[in-house]
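Source file work30.cif; content: mmCIF, C-alpha atoms.
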data_protein
loop_
_atom_site.label_atom_id
_atom_site.label_comp_id
_atom_site.auth_asym_id
_atom_site.auth_seq_id
_atom_site.Cartn_x
_atom_site.Cartn_y
_atom_site.Cartn_z
CA MET A 1335 90.23 87.62 106.35
CA THR A 1336 89.48 90.00 103.51
CA THR A 1337 91.73 93.02 103.90
CA ARG A 1338 92.02 96.46 102.36
CA ARG A 1339 94.73 99.04 102.38
CA ASP A 1340 94.34 102.67 103.36
CA PHE A 1341 92.90 103.27 99.91
CA VAL A 1342 89.63 101.99 101.35
CA ALA A 1343 89.39 104.98 103.64
CA LEU A 1344 90.65 107.14 100.81
CA ALA A 1345 87.87 105.82 98.60
CA ALA A 1346 85.38 106.62 101.34
CA SER A 1347 86.63 110.18 101.50
CA ALA A 1348 86.30 110.53 97.73
CA ALA A 1349 82.74 109.26 97.88
CA VAL A 1350 81.93 111.69 100.69
CA VAL A 1351 83.10 114.78 98.81
CA TRP A 1352 81.26 113.98 95.57
CA PRO A 1353 77.81 115.22 96.68
CA VAL A 1354 79.19 118.63 97.63
CA ALA A 1355 82.14 118.99 95.27
CA ALA A 1356 80.56 118.45 91.88
CA PRO A 1357 77.98 120.93 90.61
CA ALA A 1358 76.64 118.45 88.05
CA GLN A 1359 77.26 114.94 86.81
CA PRO A 1360 78.69 114.34 83.33
CA GLY A 1361 76.23 113.62 80.51
CA ASP A 1362 76.52 109.84 80.83
CA GLY A 1363 75.50 109.96 84.52
CA MET A 1364 78.81 108.49 85.71
CA ARG A 1365 80.99 110.08 88.36
CA ARG A 1366 84.61 110.65 87.36
CA LEU A 1367 87.57 109.70 89.54
CA GLY A 1368 91.13 110.41 88.38
CA VAL A 1369 94.01 108.44 89.89
CA LEU A 1370 97.66 109.42 89.47
CA MET A 1371 99.94 106.57 90.53
CA SER A 1372 103.70 107.01 90.78
CA LEU A 1373 104.55 103.37 90.02
CA ARG A 1374 104.46 101.14 86.98
CA ALA A 1375 101.13 99.59 86.05
CA ASP A 1376 102.63 96.09 86.47
CA ASP A 1377 104.23 96.77 89.87
CA PRO A 1378 102.72 94.38 92.44
CA GLU A 1379 102.46 97.08 95.12
CA GLY A 1380 100.82 99.49 92.71
CA GLN A 1381 98.36 96.81 91.68
CA ALA A 1382 97.58 96.08 95.33
CA TYR A 1383 96.69 99.73 95.93
CA ALA A 1384 94.65 99.90 92.74
CA ALA A 1385 92.71 96.74 93.62
CA ALA A 1386 92.06 98.05 97.13
CA LEU A 1387 90.70 101.31 95.76
CA VAL A 1388 88.34 99.51 93.38
CA GLN A 1389 87.19 97.11 96.11
CA GLY A 1390 86.74 99.89 98.64
CA LEU A 1391 84.66 101.94 96.23
CA GLY A 1392 82.63 98.84 95.42
CA ALA A 1393 81.84 98.40 99.10
CA LEU A 1394 80.45 101.94 98.98
CA LYS A 1395 78.30 101.09 95.93
CA TRP A 1396 80.56 102.83 93.42
CA HIS A 1397 81.38 100.49 90.54
CA ASP A 1398 83.75 101.25 87.70
CA GLY A 1399 81.87 101.07 84.40
CA ASP A 1400 78.48 101.29 86.10
CA ASN A 1401 78.00 104.54 88.02
CA LEU A 1402 81.68 105.44 88.10
CA ARG A 1403 84.51 105.90 85.63
CA ILE A 1404 88.08 105.66 86.95
CA ASP A 1405 90.78 107.28 84.83
CA TRP A 1406 94.10 105.66 85.72
CA ARG A 1407 97.50 107.17 85.06
CA TRP A 1408 100.69 105.24 85.84
CA ALA A 1409 103.76 107.46 85.87
CA LEU A 1410 106.41 104.70 86.05
CA GLY A 1411 108.39 106.79 88.55
CA ASP A 1412 109.09 109.30 85.76
CA PRO A 1413 108.67 112.98 86.80
CA VAL A 1414 107.99 113.96 83.18
CA LEU A 1415 105.06 111.55 83.03
CA VAL A 1416 103.78 112.78 86.39
CA GLU A 1417 103.56 116.30 84.99
CA ARG A 1418 101.95 115.18 81.73
CA TYR A 1419 99.35 112.99 83.40
CA ALA A 1420 98.55 115.65 85.99
CA THR A 1421 97.76 118.04 83.14
CA GLU A 1422 95.54 115.46 81.44
CA LEU A 1423 93.58 114.64 84.59
CA ALA A 1424 93.09 118.25 85.66
CA ALA A 1425 91.83 119.16 82.19
CA SER A 1426 89.37 116.25 82.02
CA GLU A 1427 85.89 115.94 83.52
CA THR A 1428 87.36 114.40 86.67
CA GLU A 1429 85.43 115.35 89.83
CA VAL A 1430 87.84 113.98 92.44
CA LEU A 1431 91.58 113.30 92.10
CA VAL A 1432 93.54 110.64 93.98
CA ALA A 1433 97.29 111.16 94.27
CA PHE A 1434 99.83 108.53 95.25
CA SER A 1435 103.10 110.20 96.39
CA THR A 1436 104.23 113.75 97.04
CA THR A 1437 105.24 114.47 93.46
CA SER A 1438 101.76 113.49 92.26
CA VAL A 1439 100.09 115.80 94.79
CA GLU A 1440 102.33 118.71 93.90
CA ALA A 1441 101.77 118.26 90.17
CA LEU A 1442 97.99 118.13 90.56
CA ARG A 1443 97.87 121.02 93.01
CA ARG A 1444 99.68 123.27 90.56
CA ARG A 1445 97.00 122.59 87.97
CA THR A 1446 93.79 122.92 89.94
CA SER A 1447 92.56 124.72 93.04
CA THR A 1448 88.97 123.55 92.67
CA ILE A 1449 88.97 119.79 92.05
CA PRO A 1450 89.28 117.92 95.39
CA ILE A 1451 92.61 116.11 95.70
CA VAL A 1452 92.91 113.17 98.11
CA PHE A 1453 96.45 111.92 98.72
CA VAL A 1454 97.84 108.76 100.25
CA VAL A 1455 101.34 107.68 101.35
CA VAL A 1456 102.59 111.26 101.64
CA THR A 1457 105.31 112.21 104.09
CA TYR A 1458 104.77 115.08 106.55
CA PRO A 1459 102.29 117.08 104.44
CA VAL A 1460 102.35 120.04 106.82
CA GLY A 1461 106.13 120.32 106.77
CA GLN A 1462 106.11 120.11 102.99
CA GLY A 1463 103.56 122.90 102.74
CA LEU A 1464 100.95 120.73 101.04
CA VAL A 1465 98.37 121.58 103.71
CA GLN A 1466 98.02 124.19 106.44
CA SER A 1467 97.51 121.71 109.28
CA LEU A 1468 96.28 118.17 109.87
CA ALA A 1469 93.06 119.36 111.51
CA ARG A 1470 92.37 122.07 108.92
CA PRO A 1471 94.26 121.32 105.71
CA GLY A 1472 92.62 124.18 103.82
CA GLY A 1473 92.24 124.52 100.07
CA ASN A 1474 91.27 121.52 97.97
CA VAL A 1475 93.83 119.02 99.30
CA THR A 1476 93.42 116.40 102.04
CA GLY A 1477 94.35 112.78 102.57
CA PHE A 1478 96.38 110.37 104.68
CA SER A 1479 99.76 111.16 106.20
CA SER A 1480 102.10 108.18 106.33
CA TYR A 1481 105.47 109.22 107.76
CA ASP A 1482 106.88 112.10 109.76
CA PRO A 1483 110.49 113.02 110.66
CA PRO A 1484 110.63 111.44 114.16
CA MET A 1485 110.27 108.00 112.57
CA ALA A 1486 113.57 108.52 110.77
CA GLY A 1487 115.39 108.65 114.09
CA LYS A 1488 113.94 105.24 114.96
CA TRP A 1489 115.29 103.76 111.72
CA LEU A 1490 118.77 104.98 112.61
CA GLU A 1491 118.47 103.64 116.14
CA MET A 1492 117.63 100.19 114.79
CA LEU A 1493 120.89 100.09 112.85
CA THR A 1494 122.85 100.84 116.03
CA GLN A 1495 121.12 98.03 117.97
CA ILE A 1496 122.24 95.15 115.75
CA ALA A 1497 125.54 93.33 116.33
CA PRO A 1498 127.97 94.58 115.25
CA PRO A 1499 126.42 98.05 115.47
CA VAL A 1500 126.60 100.32 112.47
CA ALA A 1501 128.80 103.42 112.76
CA ARG A 1502 128.52 104.99 109.29
CA VAL A 1503 125.16 105.23 107.57
CA GLY A 1504 124.22 106.22 104.05
CA VAL A 1505 120.68 107.58 103.66
CA LEU A 1506 119.41 106.47 100.25
CA PHE A 1507 116.80 108.40 98.23
CA ASN A 1508 116.05 109.94 94.85
CA PRO A 1509 115.94 113.74 95.25
CA VAL A 1510 113.48 114.07 92.38
CA THR A 1511 110.83 111.76 93.88
CA ALA A 1512 111.63 112.51 97.54
CA PRO A 1513 111.54 116.33 97.82
CA TYR A 1514 110.96 115.92 101.57
CA ALA A 1515 114.32 114.18 102.05
CA GLY A 1516 115.80 117.27 103.71
CA LEU A 1517 113.15 117.14 106.44
CA MET A 1518 113.93 113.50 107.16
CA LEU A 1519 117.70 114.02 107.00
CA HIS A 1520 117.46 116.77 109.58
CA ALA A 1521 115.78 114.36 112.02
CA ILE A 1522 118.27 111.60 111.22
CA LYS A 1523 121.26 113.86 111.84
CA ASP A 1524 119.76 115.04 115.13
CA ALA A 1525 119.45 111.40 116.22
CA ALA A 1526 122.95 110.56 114.96
CA ALA A 1527 124.55 112.98 117.39
CA SER A 1528 123.25 111.04 120.40
CA LEU A 1529 123.90 107.63 118.81
CA SER A 1530 127.54 108.34 117.86
CA VAL A 1531 126.83 107.59 114.22
CA THR A 1532 128.08 109.36 111.12
CA VAL A 1533 125.35 110.01 108.55
CA ARG A 1534 125.48 111.20 104.97
CA ALA A 1535 122.99 111.50 102.13
CA VAL A 1536 123.48 109.19 99.14
CA SER A 1537 121.18 110.03 96.25
CA PHE A 1538 120.46 107.93 93.17
CA ARG A 1539 118.51 108.00 89.93
CA ASP A 1540 119.05 104.54 88.47
CA ASP A 1541 120.31 101.01 89.21
CA ALA A 1542 123.86 101.84 88.15
CA GLU A 1543 124.13 104.61 90.74
CA ILE A 1544 122.66 102.32 93.41
CA GLU A 1545 125.38 99.74 92.68
CA VAL A 1546 128.15 102.32 93.09
CA ILE A 1547 126.62 103.59 96.33
CA MET A 1548 126.26 100.10 97.81
CA ALA A 1549 129.84 99.14 96.98
CA GLY A 1550 131.10 102.33 98.59
CA LEU A 1551 129.13 101.84 101.80
CA ALA A 1552 130.21 98.19 102.03
CA SER A 1553 133.87 99.23 101.82
CA GLU A 1554 133.53 101.34 104.96
CA GLU A 1555 134.07 99.85 108.39
CA ARG A 1556 130.70 99.17 110.07
CA GLY A 1557 128.81 100.77 107.21
CA GLY A 1558 125.04 100.58 106.92
CA LEU A 1559 122.12 101.70 104.79
CA LEU A 1560 118.92 103.58 105.65
CA VAL A 1561 116.39 103.68 102.80
CA LEU A 1562 113.97 106.58 102.88
CA GLN A 1563 110.30 106.19 101.97
CA ASP A 1564 110.37 107.05 98.28
CA ALA A 1565 108.55 105.98 95.11
CA SER A 1566 111.93 105.43 93.44
CA ALA A 1567 113.05 103.18 96.29
CA ILE A 1568 109.90 101.12 95.72
CA ALA A 1569 110.55 100.94 91.99
CA HIS A 1570 114.18 99.87 92.55
CA ARG A 1571 113.56 97.72 95.61
CA ASN A 1572 114.73 94.45 94.04
CA THR A 1573 118.08 95.98 93.12
CA ILE A 1574 118.53 97.56 96.55
CA VAL A 1575 117.77 94.36 98.47
CA ALA A 1576 119.93 92.18 96.19
CA LEU A 1577 122.94 94.51 96.44
CA ALA A 1578 122.59 94.87 100.22
CA ALA A 1579 122.65 91.08 100.50
CA ARG A 1580 125.57 90.72 98.10
CA HIS A 1581 127.66 93.24 100.03
CA ARG A 1582 126.42 92.04 103.44
CA LEU A 1583 125.34 95.57 104.16
CA PRO A 1584 122.95 96.03 107.11
CA ALA A 1585 119.92 97.98 105.95
CA VAL A 1586 116.64 99.26 107.38
CA TYR A 1587 113.60 99.97 105.21
CA PRO A 1588 110.33 101.89 105.69
CA TYR A 1589 108.15 99.22 104.09
CA ARG A 1590 107.29 95.73 105.24
CA PHE A 1591 107.00 94.39 101.68
CA ILE A 1592 110.72 95.08 101.13
CA THR A 1593 111.67 92.79 104.01
CA ALA A 1594 109.47 90.15 102.37
CA LEU A 1595 111.91 90.30 99.45
CA GLY A 1596 114.83 89.55 101.77
CA GLY A 1597 115.54 92.93 103.35
CA LEU A 1598 116.98 92.82 106.86
CA MET A 1599 114.42 94.85 108.82
CA SER A 1600 111.73 97.49 108.46
CA TYR A 1601 109.79 99.87 110.64
CA GLY A 1602 106.84 101.89 109.47
CA SER A 1603 103.14 102.37 109.03
CA GLU A 1604 101.07 99.29 108.23
CA TYR A 1605 98.58 99.95 105.47
CA ILE A 1606 96.59 96.72 105.56
CA ARG A 1607 93.30 97.16 107.37
CA PRO A 1608 90.17 95.04 107.48
CA VAL A 1609 86.75 96.19 106.31
CA PRO A 1610 85.04 98.36 107.44
CA ALA A 1611 87.57 101.11 106.82
CA ARG A 1612 88.56 103.31 109.74
CA GLY A 1613 89.35 106.98 109.84
CA ARG A 1614 87.08 108.25 107.06
CA LEU A 1615 87.28 111.93 106.37
CA ARG A 1616 84.64 114.40 107.47
CA ARG A 1617 82.22 115.74 104.91
CA SER A 1618 83.58 118.73 103.02
CA HIS A 1619 82.11 122.15 103.66
CA PRO A 1620 78.67 122.25 101.97
CA GLU A 1621 79.29 125.64 100.40
CA GLY A 1622 82.61 124.88 98.77
CA ARG A 1623 85.29 122.37 98.02
CA ARG A 1624 87.42 122.72 101.08
CA ALA A 1625 88.90 119.44 102.19
CA GLY A 1626 88.17 117.63 105.44
CA ARG A 1627 90.70 116.87 108.16
CA ILE A 1628 93.69 114.67 107.43
CA THR A 1629 93.76 111.15 108.79
CA GLY A 1630 97.02 109.39 109.57
CA PRO A 1631 97.87 105.88 110.71
CA GLU A 1632 96.61 105.03 114.19
CA PRO A 1633 99.10 106.09 116.89
CA ASP A 1634 100.18 102.55 117.67
CA GLN A 1635 100.79 101.98 113.99
CA VAL A 1636 102.99 105.04 113.68
CA ARG A 1637 105.00 104.69 116.86
CA ALA A 1638 105.01 100.96 117.19
CA GLY A 1639 104.39 100.47 113.53
CA HIS A 1640 105.29 97.34 111.70
CA GLN A 1641 108.74 96.15 112.54
CA SER A 1642 109.87 93.12 110.60
CA GLN A 1643 113.06 91.22 111.15
CA ASN A 1644 113.75 88.87 108.29
CA ARG A 1645 115.68 85.96 109.78
CA GLN A 1646 116.75 84.71 106.37
CA GLY A 1647 117.83 88.24 105.52
CA ALA A 1648 119.87 88.33 108.72
CA ARG A 1649 121.73 85.21 107.61
CA HIS A 1650 122.53 86.84 104.29
CA HIS A 1651 123.78 90.04 105.91
CA HIS A 1652 125.39 88.38 108.96
CA PRO A 1653 124.52 91.05 111.55
CA VAL A 1654 122.59 89.76 114.55
CA ILE A 1655 119.28 91.40 115.46
CA PRO A 1656 118.82 91.56 119.23
CA PRO A 1657 116.08 89.32 120.66
CA ARG A 1658 114.24 92.32 122.16
CA TRP A 1659 113.61 93.67 118.64
CA ARG A 1660 112.17 90.32 117.59
CA ARG A 1661 110.03 90.08 120.72
CA ARG A 1662 108.80 93.61 120.15
CA GLY A 1663 107.90 92.78 116.56
CA ASP A 1664 105.99 89.70 117.72
CA ARG A 1665 104.10 91.79 120.31
CA MET A 1666 103.16 94.29 117.61
CA LYS A 1667 101.77 91.54 115.45
CA ALA A 1668 99.77 90.06 118.32
CA ARG A 1669 98.38 93.43 119.35
CA ALA A 1670 97.43 94.34 115.79
CA ALA A 1671 95.72 91.00 115.23
CA ALA A 1672 93.82 91.24 118.53
CA SER A 1673 92.62 94.76 117.80
CA GLY A 1674 91.48 93.86 114.30
CA ARG A 1675 93.13 96.97 112.93
CA CYS A 1676 95.49 95.24 110.56
CA ASN A 1677 96.60 91.90 109.28
CA LEU A 1678 100.35 91.54 109.44
CA GLY A 1679 100.35 88.06 107.98
#
Whole structure given in C-alpha cells:
Amino acid sequence: MTTRRDFVALAASAAVVWPVAAPAQPGDGMRRLGVLMSLRADDPEGQAYAAALVQGLGALKWHDGDNLRIDWRWALGDPVLVERYATELAASETEVLVAFSTTSVEALRRRTSTIPIVFVVVTYPVGQGLVQSLARPGGNVTGFSSYDPPMAGKWLEMLTQIAPPVARVGVLFNPVTAPYAGLMLHAIKDAAASLSVTVRAVSFRDDAEIEVIMAGLASEERGGLLVLQDASAIAHRNTIVALAARHRLPAVYPYRFITALGGLMSYGSEYIRPVPARGRLRRSHPEGRRAGRITGPEPDQVRAGHQSQNRQGARHHHPVIPPRWRRRGDRMKARAAASGRCNLG
C-alpha cells in the first residue's frame, strides 16, 4: 500500500490557504512554499517527511519546479540555524510556511504575523501558547498537534509494568529543542506519585552528556529511562538506543522508528496514513489570513497509539514485557489495519 505521513494533510492545508492568503503570485507564476525542518538533510526520518510532503502536494496537483517552488531549510538540530533560516524564509517571497518542531514554529512566528504557518509534530500547542485553542487557533498559525501531557503518564506507567519494574526514572530531553519539557514533566511527576516511582529530569546537549547520563541511571537500582519527544532525541537516537542496550537500561520512547533501531518499547502517535489524507484543515477566512482549526491524531491513535515492544530489544535489556502489553500492541495493529487509517508494518 502506498502510504503518506501527516505531511499529506499538512500539504492539503497549505494548498487550501493559498487562494485566500496570497494577494498575488510571484512574477514567474509559481507558488512559494517554505519548509523549516529541524533535522539534518540526510536524516532518514527527515527525508521521509520531505518525500511525503512532495508526494502529498503532487496528489493535489502542486509540483515542485512546475507550478510550485519549495524552499527547504534543514537546521541540523542547531538553534542558531533555526533562527537564521527562519529569518531567510520570512524575508523571501514565501506564501506559506511549514514548520517541523516547536522551535521552528516559534522562530517563524517571531518574524511574521501575516504569512500562514502550518506546523507538524508539535507538542501541546495550546499549553505552549502557540495558538489560542485547537478549534480557533487565531493569528496566522495552525497545524497538527502530536502529543499532549497525559501521554507522558502512560510512558511512565509502561516502565512500571515490565519485570522487574522500574523504580527510578530519568526523563531525557534537550531543554533548547524541547521548551515544552516542563509541561510534560509536570504530568510525569503527577503520575509518579501514584506509581511509587521517583522521577528526575536529565537534560543533554550532545552524545558525551548522554553517555554520562546513561551510566548514572544504570548504576541505580531499578533505574529506567523515559525519552521525551524532541528533535534532539531524534538526532541522537542511535546513541541513546545503543547506550541503553549496553547498560541494559529499560527505556520507553515516543516514536516507533526508535524501537525499530532496537529500542525496548514505544507509545505514541502513528504518522503513517494512506491516501487520501484525512483531517484536512478548513479553508482560512476569506477576508484575511487567519488559520483554520487544528487537527490532531485520531483519538484511537492518541490514546491507543502505536505501542511497539521490540522482542530483540527486550533480550538486550533483559526486562520482561508483560504479555498483555504485547497483546494490546497486536490489537492496535489489527484495528489500525482494518480501519485503513494507518499502516503499522
The PyMOL selection byres ((chain A and resi 1500-1505) around 6) on the file shown: which residues, as a tab-separated table (two decimals) with C-alpha atoms, keeping the file's coordinate frame?
chain	number	residue	atom	x	y	z
A	1493	LEU	CA	120.89	100.09	112.85
A	1494	THR	CA	122.85	100.84	116.03
A	1499	PRO	CA	126.42	98.05	115.47
A	1506	LEU	CA	119.41	106.47	100.25
A	1531	VAL	CA	126.83	107.59	114.22
A	1532	THR	CA	128.08	109.36	111.12
A	1533	VAL	CA	125.35	110.01	108.55
A	1534	ARG	CA	125.48	111.20	104.97
A	1535	ALA	CA	122.99	111.50	102.13
A	1536	VAL	CA	123.48	109.19	99.14
A	1556	ARG	CA	130.70	99.17	110.07
A	1557	GLY	CA	128.81	100.77	107.21
A	1558	GLY	CA	125.04	100.58	106.92
A	1559	LEU	CA	122.12	101.70	104.79
A	1560	LEU	CA	118.92	103.58	105.65
A	1561	VAL	CA	116.39	103.68	102.80
For the provided coordinates, the residues matched by the PyMOL selection byres ((chain A and resi 1425) around 12) should be stated as a compact mmCIF listing (two decimals) with C-alpha atoms, in the frame of the given file.
# COMPACT_ATOMS: atom_id res chain seq x y z
CA GLY A 1368 91.13 110.41 88.38
CA ARG A 1418 101.95 115.18 81.73
CA TYR A 1419 99.35 112.99 83.40
CA ALA A 1420 98.55 115.65 85.99
CA THR A 1421 97.76 118.04 83.14
CA GLU A 1422 95.54 115.46 81.44
CA LEU A 1423 93.58 114.64 84.59
CA ALA A 1424 93.09 118.25 85.66
CA SER A 1426 89.37 116.25 82.02
CA GLU A 1427 85.89 115.94 83.52
CA THR A 1428 87.36 114.40 86.67
CA GLU A 1429 85.43 115.35 89.83
CA LEU A 1431 91.58 113.30 92.10
CA LEU A 1442 97.99 118.13 90.56
CA ARG A 1445 97.00 122.59 87.97
CA THR A 1446 93.79 122.92 89.94
CA THR A 1448 88.97 123.55 92.67
CA ILE A 1449 88.97 119.79 92.05
Checklist entry - Could you pull the residues within 9 Å of A:Val1575, counting all atoms listed in the file, minus those fewer than 3 positions along the same chain, as a VMD selection string? => result chain A and resid 1570 to 1572 1578 to 1580 1585 1592 to 1593 1595 to 1598
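Atom CA of A:Gln1381 lies 23.5 Å from atom CA of A:Met1364.
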Checklist outcome for this item: Using only C-alpha atoms, the residue out of A:Met1485, A:Gly1477, A:Arg1444, A:Asp1541 with shortest distance to A:Val1460 is A:Gly1477
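Nearest residue to A:Met1371 among A:Ile1547, A:Leu1387, A:Leu1490, A:Ile1522 is A:Leu1387, counting all atoms listed in the file.
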